[in-house]
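Working notes for the structure below.
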Amino acid sequence: MPLYLNDEQTMLRDTAREFVAEHAPVRHLRALRDAKDPTGFSRDLWKQFAEMGLTGILIPEASGGLGLGHVEAGVVLEEIGRNLTPSPFLSTAVAAVEALKGTAHADRWFPGIAAGEAVIAIAHDEKPKFGRAVALKAERAGNGFRLSGTKRFAHHAHAADLILVTARTAGSDTDAAGITLFAIDPKAAGLDLRPERLADSSLAAHASFDGVEVTADAVVGEIDACADPLGRLLRAAGAGASAELLGVGAGASDMTIGYLKERKQFGTLIGSFQALQHRAAHLYSELEVARAATLKAQQLLDAGEPADEAVAIAKAMTGLATTLAVQEGIQMHGGIGMTDEYDIGFYMKRARVLAEMFGDSNYHANALAEAAGY
């Protein structure tokens with residue numbers, strides 16, 4: 001598989017780039033932050049995404065979507081990252097859609113996602129860092145289950161129409177088996193969602209489940225063995241987060257290169273300084289390697305081939321490359337890079353949050369080492 005976009009994917013990229021840059025550039029994020037917007041994203045913009053057909057990229061045509069793949073979803077996510085656009089696209093149109101495919105919940109939720117009317121959140125994390133361990137309990141009660149425990153960093157959960165929750169139905173906290181994925185109504189009795197603003201000004205909820213009762217119909221996939229829907233969810237989310245991270249890094253890099261071409265010191269453009277040219281060239285090469293790794297992971301997902309290792313490589317490499325991009329951006333901008341008035345700082349904040357979502361570089365490097373037997 002060639003590691004570049006074909007003509008149709010390039011056209012989609014150009015369309016998405018123009019649309020997002022026009023309707024949701026960095027000043028859109030700044031406006032939401034300054035207004036302390038309680039939702040954290042624009043529902044009107046989410047509807048516009050739907051009108052463009054973007055929310056249905058991964059939804060099959062038979063269900064009202066475009067029936068495209070992860071490469072195309074990544075194209076959109078990269079533009080979202082490039083413009084720091086607050087959006088539920090990753091959690092809803094990518095992670096949730098993949099988890100719900102082939103289940104009874106797909107018919108219920110796919111039309112709403114495709115129409116930009118539904119937002120779905122993911123509640124998996126329970127500790128400060130991402131991990132596979134699940135301690136939230138789901139005990140059998142009547143013809144359903146009763147959930148008790150807590151989840152953290154559930155992005156958009158406070159404004160969602162549905163929350164996909166991982167819960168322990170058998171075994172110990174660290175067992176790979178014994179986990180069940182549930183589709184939970186955010187308004188369910190006993191569920192408390194407390195949104196908290198993160199470093200990048202996005203909102204993620206701390207979710208407390210105090211005996212939340214659900215019927216057996218809330219189960220997504222198989223009881224005690226949700227490896228299939230959860231695996232699809234995490235692979236899609238990992239590849240998607242990598243694409244968005246890549247966009248953040250590319251946006252920061254473009255801004256920095258532009259500054260090097262304009263800023264003068266002692267009457268000379270600082271972009272003419274060889275030391276800065278070397279650093280810019282190094283940054284470009286790191287981002288391109290990360291881009292290739294991300295595209296490879298997306299292509300494997302679209303081909304239905306094993307992609308766990310490729311997704312881990314992509315997430316680890318985009319985390320490292322984008323961290324380099326935002327750090328170099330701040331440093332090369334000098335003093336103004338530390339001010340709130342200048343946009344480069346927003347890229348660093350978003351990169352920090354995205355790098356942690358669905359596992360940071362260290363987590364995925366360790367996963368690859370364990371898979372290799374080290």
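In the structure tokens, chains take letters A, B, ... by order of appearance, with residues numbered from 1 within each chain and ligands from 1 in the order shown.
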Using only C-alpha atoms, what table do you get, as a Markdown table, when you list each residue of range 57-164 of chain A with an atom no more than 9 Å from range 285-309 of chain A, its nearest pair of atoms, and their distance in Å rounded to one decimal, rows by chain then rising number?
| residue | atom | partner | partner_atom | distance |
| --- | --- | --- | --- | --- |
| A:Leu68 | CA | A:Asp302 | CA | 8.8 |
| A:Gly69 | CA | A:Asp302 | CA | 5.7 |
| A:His70 | CA | A:Gln298 | CA | 5.2 |
| A:Val71 | CA | A:Gln298 | CA | 5.2 |
| A:Glu72 | CA | A:Gln298 | CA | 8.8 |
| A:Ala73 | CA | A:Gln298 | CA | 9.0 |
| A:Gly74 | CA | A:Gln298 | CA | 7.6 |
Would you mind exporting C-alpha atoms of the selected residues as a PDB file, in the first residue's frame?
ATOM      1  CA  LEU A  68     -15.440   5.441   3.683  1.00  0.00           C
ATOM      2  CA  GLY A  69     -12.518   4.427   5.874  1.00  0.00           C
ATOM      3  CA  HIS A  70     -10.033   5.419   8.548  1.00  0.00           C
ATOM      4  CA  VAL A  71      -7.745   7.129   6.056  1.00  0.00           C
ATOM      5  CA  GLU A  72     -10.570   9.514   5.171  1.00  0.00           C
ATOM      6  CA  ALA A  73     -11.522  10.007   8.823  1.00  0.00           C
ATOM      7  CA  GLY A  74      -7.864  10.769   9.534  1.00  0.00           C
TER       8      GLY A  74
END
Exercise for the section: Tell me, as a PyMOL selection string, which residues lie within 12 Å of range 225-231 of chain A, counting only C-alpha atoms; anything in the same chain fewer than 6 positions away does not count. Expected result: chain A and resi 95-103+105-106+122-124+132+164-171+175-183+219+237-238+301+306-308+311+358
**Request:** Would you kindly return, as a list in words, each protein, DNA or RNA residue with an atom no farther than 12 Å from any atom of Ser42 in chain A, considering only C-alpha atoms and excluding same-chain residues fewer than 4 positions away?
**Result:** His23, Ala24, His28, Leu29, Ala31, Leu32, Arg33, Asp37, Pro38, Trp46, Lys47, Gln48, Phe49, Thr85, Pro86, Ser87, Pro88, Phe89, Gly116, Glu117, Val119, His156, Ala159 and Ser202 of chain A
Counting only C-alpha atoms, which residues of range 11-106 of chain A fall within 9 Å of range 203-210 of chain A, and what is the closest atom pair for each with its distance in Å at one decimal, ordered by chain and rising number, as CSV?
residue,atom,partner,partner_atom,distance
A:Pro38,CA,A:Leu203,CA,8.3
A:Thr39,CA,A:Leu203,CA,7.6
A:Gly40,CA,A:Leu203,CA,5.8
A:Phe41,CA,A:Leu203,CA,9.0
Of A:Ile257, A:Thr10, A:Val20, A:His155, the one nearest to Ser201 in chain A when counting only C-alpha atoms is A:His155
Write out as a list in words the residues lying within 7 Å of Thr318 in chain A, counting only C-alpha atoms and excluding same-chain residues fewer than 5 positions away.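 The residues that qualify are Ser242, Leu245, Leu246 and Ala290 of chain A.
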Practice problem: Would you mind reading off the distance between CA of Leu233 in chain A and CA of Pro186 in chain A, one decimal, in Å? | Solution: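 Taking CA of Leu233 in chain A and CA of Pro186 in chain A, their separation equals 19.3 Å.
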If you count only C-alpha atoms, which residues fall within 10 Å of range 261-273 of chain A, apart from same-chain ones fewer than 6 positions away, as a PyMOL selection string?
-> chain A and resi 280+332-333
Could you write out that same residue set with N, CA, C and O atoms as a PDB file, in the first residue's frame?
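part08.pdb was written with the following content:
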ATOM      1  N   ALA A 280      14.534  23.198  11.934  1.00  0.00           N
ATOM      2  CA  ALA A 280      13.301  23.132  11.152  1.00  0.00           C
ATOM      3  C   ALA A 280      13.307  21.904  10.252  1.00  0.00           C
ATOM      4  O   ALA A 280      12.274  21.224  10.094  1.00  0.00           O
ATOM      5  N   MET A 332      11.323  28.895  19.271  1.00  0.00           N
ATOM      6  CA  MET A 332      11.716  29.736  18.139  1.00  0.00           C
ATOM      7  C   MET A 332      10.933  31.045  18.085  1.00  0.00           C
ATOM      8  O   MET A 332      11.409  32.028  17.509  1.00  0.00           O
ATOM      9  N   HIS A 333       9.753  31.052  18.658  1.00  0.00           N
ATOM     10  CA  HIS A 333       8.998  32.301  18.726  1.00  0.00           C
ATOM     11  C   HIS A 333       9.554  33.233  19.801  1.00  0.00           C
ATOM     12  O   HIS A 333       9.238  34.431  19.815  1.00  0.00           O
TER      13      HIS A 333
END
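When CA of Leu90 in chain A is paired with CA of Arg235 in chain A, their separation reads 11.9 Å.
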With a distance cut-off of 12 Å and only C-alpha atoms, select the neighbouring residues of Ile336 in chain A, excluding the residue or stretch itself and same-chain residues fewer than 5 positions from it, and output the selection as a list in words.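 My list of contacting residues is Thr256, Tyr259, Arg263, Gly329, Ile330, Gln331, Glu341, Tyr342, Asp343, Ile344 and Gly345 of chain A.
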- Residues at most 7 Å from Asp185 in chain A, counting only C-alpha atoms, excluding those fewer than 2 positions away in the same chain, as a VMD selection string? chain A and resid 161 to 163 183 187 to 188
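Note that CA of Val326 in chain A and CA of Met348 in chain A are 5.1 Å apart.
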_Please return, as a VMD selection string, all residues of range 187-325 of chain A that DSSP assigns to alpha helix (DSSP H) on the basis of the backbone._
chain A and resid 227 to 260 274 to 303 308 to 325
Could you please take those selected residues and save C-alpha atoms as a CSV table (one decimal), in the first residue's frame?
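Result file follows (result.csv):
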chain,number,residue,atom,x,y,z
A,227,ALA,CA,-12.8,-7.5,23.2
A,228,ASP,CA,-14.3,-7.1,19.8
A,229,PRO,CA,-16.2,-3.8,20.1
A,230,LEU,CA,-13.7,-2.4,22.7
A,231,GLY,CA,-10.8,-3.4,20.5
A,232,ARG,CA,-12.4,-1.7,17.5
A,233,LEU,CA,-13.0,1.4,19.6
A,234,LEU,CA,-9.5,1.7,21.0
A,235,ARG,CA,-7.8,1.0,17.6
A,236,ALA,CA,-10.0,3.5,15.9
A,237,ALA,CA,-9.5,6.1,18.7
A,238,GLY,CA,-5.7,5.5,18.7
A,239,ALA,CA,-5.4,6.0,15.0
A,240,GLY,CA,-7.7,9.0,15.0
A,241,ALA,CA,-5.9,10.6,17.9
A,242,SER,CA,-2.7,10.1,16.0
A,243,ALA,CA,-4.1,11.9,13.0
A,244,GLU,CA,-5.3,14.8,15.1
A,245,LEU,CA,-2.0,15.0,16.8
A,246,LEU,CA,-0.3,15.1,13.5
A,247,GLY,CA,-2.5,18.0,12.5
A,248,VAL,CA,-1.6,19.9,15.7
A,249,GLY,CA,2.1,19.3,15.0
A,250,ALA,CA,1.8,20.4,11.4
A,251,GLY,CA,-0.1,23.5,12.4
A,252,ALA,CA,2.5,24.4,14.9
A,253,SER,CA,5.3,23.8,12.4
A,254,ASP,CA,3.6,25.9,9.7
A,255,MET,CA,3.2,28.8,12.2
A,256,THR,CA,6.8,28.5,13.3
A,257,ILE,CA,8.2,28.3,9.7
A,258,GLY,CA,6.1,31.3,8.8
A,259,TYR,CA,7.5,33.2,11.8
A,260,LEU,CA,11.1,32.3,10.8
A,274,GLN,CA,21.7,27.9,9.8
A,275,ALA,CA,21.1,26.5,13.3
A,276,LEU,CA,17.4,27.3,13.0
A,277,GLN,CA,17.3,25.8,9.5
A,278,HIS,CA,18.7,22.6,10.9
A,279,ARG,CA,16.1,22.4,13.6
A,280,ALA,CA,13.3,23.1,11.2
A,281,ALA,CA,14.6,20.4,8.8
A,282,HIS,CA,14.8,17.9,11.7
A,283,LEU,CA,11.2,18.8,12.7
A,284,TYR,CA,9.9,18.3,9.2
A,285,SER,CA,11.5,14.9,8.9
A,286,GLU,CA,10.1,13.7,12.3
A,287,LEU,CA,6.6,14.8,11.3
A,288,GLU,CA,6.8,13.1,7.9
A,289,VAL,CA,7.9,9.8,9.6
A,290,ALA,CA,5.0,10.1,12.0
A,291,ARG,CA,2.7,10.8,9.1
A,292,ALA,CA,3.8,7.6,7.3
A,293,ALA,CA,3.2,5.6,10.5
A,294,THR,CA,-0.3,7.0,11.0
A,295,LEU,CA,-1.3,6.4,7.4
A,296,LYS,CA,0.0,2.8,7.6
A,297,ALA,CA,-2.1,2.2,10.7
A,298,GLN,CA,-5.2,3.7,9.0
A,299,GLN,CA,-4.7,1.5,5.9
A,300,LEU,CA,-4.4,-1.7,7.9
A,301,LEU,CA,-7.6,-0.8,9.7
A,302,ASP,CA,-9.4,-0.2,6.4
A,303,ALA,CA,-8.0,-3.5,5.0
A,308,ASP,CA,-2.7,-3.2,17.1
A,309,GLU,CA,1.0,-2.7,16.7
A,310,ALA,CA,0.7,-0.2,13.9
A,311,VAL,CA,-1.7,1.9,15.9
A,312,ALA,CA,0.7,1.8,18.9
A,313,ILE,CA,3.6,2.9,16.7
A,314,ALA,CA,1.5,5.7,15.2
A,315,LYS,CA,0.4,7.0,18.6
A,316,ALA,CA,3.9,6.8,20.0
A,317,MET,CA,5.5,8.5,17.1
A,318,THR,CA,2.9,11.3,16.6
A,319,GLY,CA,3.1,12.0,20.3
A,320,LEU,CA,6.9,12.5,20.1
A,321,ALA,CA,6.9,14.4,16.8
A,322,THR,CA,4.1,16.8,17.9
A,323,THR,CA,5.7,17.4,21.3
A,324,LEU,CA,8.9,18.4,19.4
A,325,ALA,CA,6.9,20.6,17.1
Nearest to Ala218 in chain A: which of A:Arg13, A:Arg194, A:Arg108, A:Lys151 is it, counting only C-alpha atoms?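 Among A:Arg13, A:Arg194, A:Arg108, A:Lys151, it is A:Arg108 that comes nearest to Ala218 in chain A.
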Check your understanding: Could you write out, as number ranges by chain, all the residues of range 17-265 of chain A that DSSP marks as strand (DSSP E or B)?
Key -> A: 120-123, 137-141, 144-155, 162-168, 179-184, 191-197, 203-215, 219-220, 222, 225, 264-265
* Asked: Pick the closest to Arg43 in chain A from A:Leu191, A:Ile59, A:Leu368, A:Ala115: which is it, counting only C-alpha atoms?
  ->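 Closest to Arg43 in chain A of all the choices is A:Ala115.
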